[in-house]
Amino acid sequence: MFRWIVWRDLILAWRRRTDVLATLFFFVIVVSLYPLGIGPEVQLLRRIAPGVVWVAALLASMLSLGRLFGNDYQDGSLEQILLTPQPVYLLVVGKVLAHWIVSEIPLVVIAPVVGLQFGLSGNTLALIVVSLLLGTPVLSMIGSIGAALTLGLRSANVLVALLVLPLYVPVLIFGAGAIEASIGGLDAKPYLLLQAATLVLSIVFAPWATSAALRISVE
Amino acid sequence: MLEALNLSCARGERRLFSGLNFSLRAGGALQAFGPNGCGKTSLLRIVCGLVAPVAGEVRWEGENIRSLGDEYFGAIAYVAHQTGVKDELNPIENLRIASGVAGHTLDKPEAQAILERVGLSRQRNLQARLLSAGQRRRLALSRLLALRARLWILDEPLASLDDDGAALARNLISEHLGGDGMAIIATHQEMNLSAGQMQRIEL
């Protein structure tokens, strides 16, 4: 059953490719505008790189959240999913997993490429990939709570931002901290471990909150 | 057996109905009649378990459906006004995925047989956004055949269907009732089913 929901969302995302590419382009554009706007001073670029990469990933992630449940809500298939004899927890994890694969993995792949504009070393670029791999699932998980709570509401985008950004802050701090440590030649492991911990916590608790929020939104 | 005890429903400030009681046994069908906005859909959603009633409860085999949860969901199939059909998937995919997510794996020949029954065999590889409203309604009805639920909860099942489609829907429901299934149907027109013990409520 789990693989059915993941497979379903992957096929749907593939057939609506333009939405997905929009998130990727947004990330690339935001990250690339900073070196263009600030100038080629390498020291300065290296200092802002961790924050810029992570903030761009955060914003791109937030923009993509509407897609997670929005389409299913509008055509009535979300109700059908909630009316199956399967635990909603699993269905949520499946949808968020598919969403992460489609919306966030492209960011993880493209990040080292756009990171080159900041004059970062190979080690740091590799660390950016690891940090994003650990942190973006958390963004999707936490984001799913906000997406579920704001289903069908009019200013959904603004509300999602208000709900979700405060919870995103720890992800940002640990993620940017990891990259910053790498640039400064320090050990990034403590930050990565903190990121791993938030990942585990989010996988355990977020789907439960999202399930409850979905039941409320569908009423 | 389905029982509704003293159900009350409200939409915002408005009370739609209160003190509603009924029961359904195997082979029975309940038609809820009423004008637009009287609460037919709300009643169906309460019976589904999607919405909690303001007062009263719905019982399945003697137990409150809110406490049964997933066990109850396995016994029902709901066809809402919004068909739940994904535009980007073709009918075979829509059917197999809906079935798979609900826990019944439907293989291709079985899915094709069901689509043949509802008259969508020729359209089985077209993305659903290319289908007409009536064809989408047939696809939604095909889900009933795939899920094999005991209680069918149908909101305006004849909407958008042509004469053939309406006859198909009536046949499907009659067969279901004849096989000891149950159905609750919200409708503003007479169903004229050939089997099943009919009850009516006017909202």
# chains A, B, ... in the order shown; residues from 1 in each chain; ligands from 1
call {"tool": "closest_atom_pairs", "arguments": {"of": "chain B", "to": "chain A", "cutoff": "7 Å", "atoms": "only C-alpha atoms", "output": "CSV"}}
result
residue,atom,partner,partner_atom,distance
B:Leu50,CA,A:Glu219,CA,5.9
B:Val51,CA,A:Glu219,CA,5.0
B:Asp70,CA,A:Pro85,CA,4.3
B:Glu71,CA,A:Pro85,CA,6.2
B:Phe73,CA,A:Pro85,CA,5.1
B:Gly74,CA,A:Pro85,CA,4.8
B:Gln82,CA,A:Gly76,CA,5.1
B:Thr83,CA,A:Gly76,CA,6.1
B:Gly84,CA,A:Ser77,CA,4.0
B:Val85,CA,A:Ser77,CA,6.6
B:Glu88,CA,A:Leu12,CA,6.4
B:Ile97,CA,A:Trp4,CA,6.3
B:Gly100,CA,A:Met1,CA,5.8
B:Val101,CA,A:Met1,CA,5.1
B:Ala102,CA,A:Thr84,CA,4.9
B:Gly103,CA,A:Met1,CA,5.6
call {"tool": "write_last_selection", "arguments": {"atoms": "C-alpha atoms", "output": "tab-separated table (two decimals), in the first residue's frame"}}
result
chain	number	residue	atom	x	y	z
B	50	LEU	CA	-15.34	12.44	7.75
B	51	VAL	CA	-17.38	14.88	9.82
B	70	ASP	CA	-10.04	2.01	10.01
B	71	GLU	CA	-12.16	-1.10	10.44
B	73	PHE	CA	-13.47	2.50	6.50
B	74	GLY	CA	-12.69	-0.94	5.12
B	82	GLN	CA	-16.12	15.49	-6.53
B	83	THR	CA	-15.25	12.26	-8.21
B	84	GLY	CA	-11.75	11.77	-6.83
B	85	VAL	CA	-10.47	11.06	-10.29
B	88	GLU	CA	-3.22	13.16	-15.08
B	97	ILE	CA	-3.97	3.09	-7.77
B	100	GLY	CA	-3.90	-0.29	-4.25
B	101	VAL	CA	-3.96	2.62	-1.83
B	102	ALA	CA	-7.04	1.10	-0.21
B	103	GLY	CA	-5.16	-2.14	0.24
call {"tool": "residues_around", "arguments": {"residues": "Arg124 of chain B", "least_positions_apart": "6", "cutoff": "9 Å", "atoms": "only C-alpha atoms", "output": "compact mmCIF listing (two decimals) with C-alpha atoms, in the first residue's frame"}}
result
# COMPACT_ATOMS: atom_id res chain seq x y z
CA ASN B 90 -5.68 7.29 -17.26
CA PRO B 91 -8.65 5.16 -16.13
CA ILE B 92 -6.63 1.99 -15.63
CA GLU B 93 -4.09 3.81 -13.50
CA GLN B 112 -9.72 -3.93 -17.57
CA LEU B 115 -13.60 -0.73 -16.99
call {"tool": "atom_distance", "arguments": {"atom1": "atom CA of Glu57 of chain B", "atom2": "atom CA of Ser174 of chain B"}}
result
27.6 Å
call {"tool": "closest_residue", "arguments": {"among": "B:His188, B:Ser18, B:Tyr78, B:Ala195", "to": "Gly37 of chain B", "atoms": "only C-alpha atoms"}}
result
B:His188
call {"tool": "residues_around", "arguments": {"residues": "Leu151 of chain A", "least_positions_apart": "2", "cutoff": "8 Å", "atoms": "only C-alpha atoms", "output": "PyMOL selection string"}}
result
chain A and resi 69-70+73+147-149+153+156+217
call {"tool": "residues_around", "arguments": {"residues": "Ile114 of chain B", "least_positions_apart": "4", "cutoff": "8 Å", "atoms": "only C-alpha atoms", "output": "list in words"}}
result
Glu110, Val118, Ser142, Leu145 and Ala146 of chain B
call {"tool": "atom_distance", "arguments": {"atom1": "atom CA of Leu45 of chain A", "atom2": "atom CA of Leu120 of chain A"}}
result
8.8 Å
call {"tool": "atom_distance", "arguments": {"atom1": "atom CA of Leu116 of chain A", "atom2": "atom CA of Ile128 of chain A"}}
result
11.2 Å
call {"tool": "closest_residue", "arguments": {"among": "B:Ile173, B:Leu2, B:Leu106, B:Ala183", "to": "Ile153 of chain B", "atoms": "only C-alpha atoms"}}
result
B:Ala183
call {"tool": "select_by_dssp", "arguments": {"residues": "segment 97-174 of chain A", "states": "alpha helix (DSSP H)", "output": "PyMOL selection string"}}
result
chain A and resi 97-99+105-115+122-149+156-174
call {"tool": "closest_residue", "arguments": {"among": "A:Ile203, A:Ile38, A:Leu107, A:Ile183", "to": "Leu58 of chain A", "atoms": "only C-alpha atoms"}}
result
A:Leu107
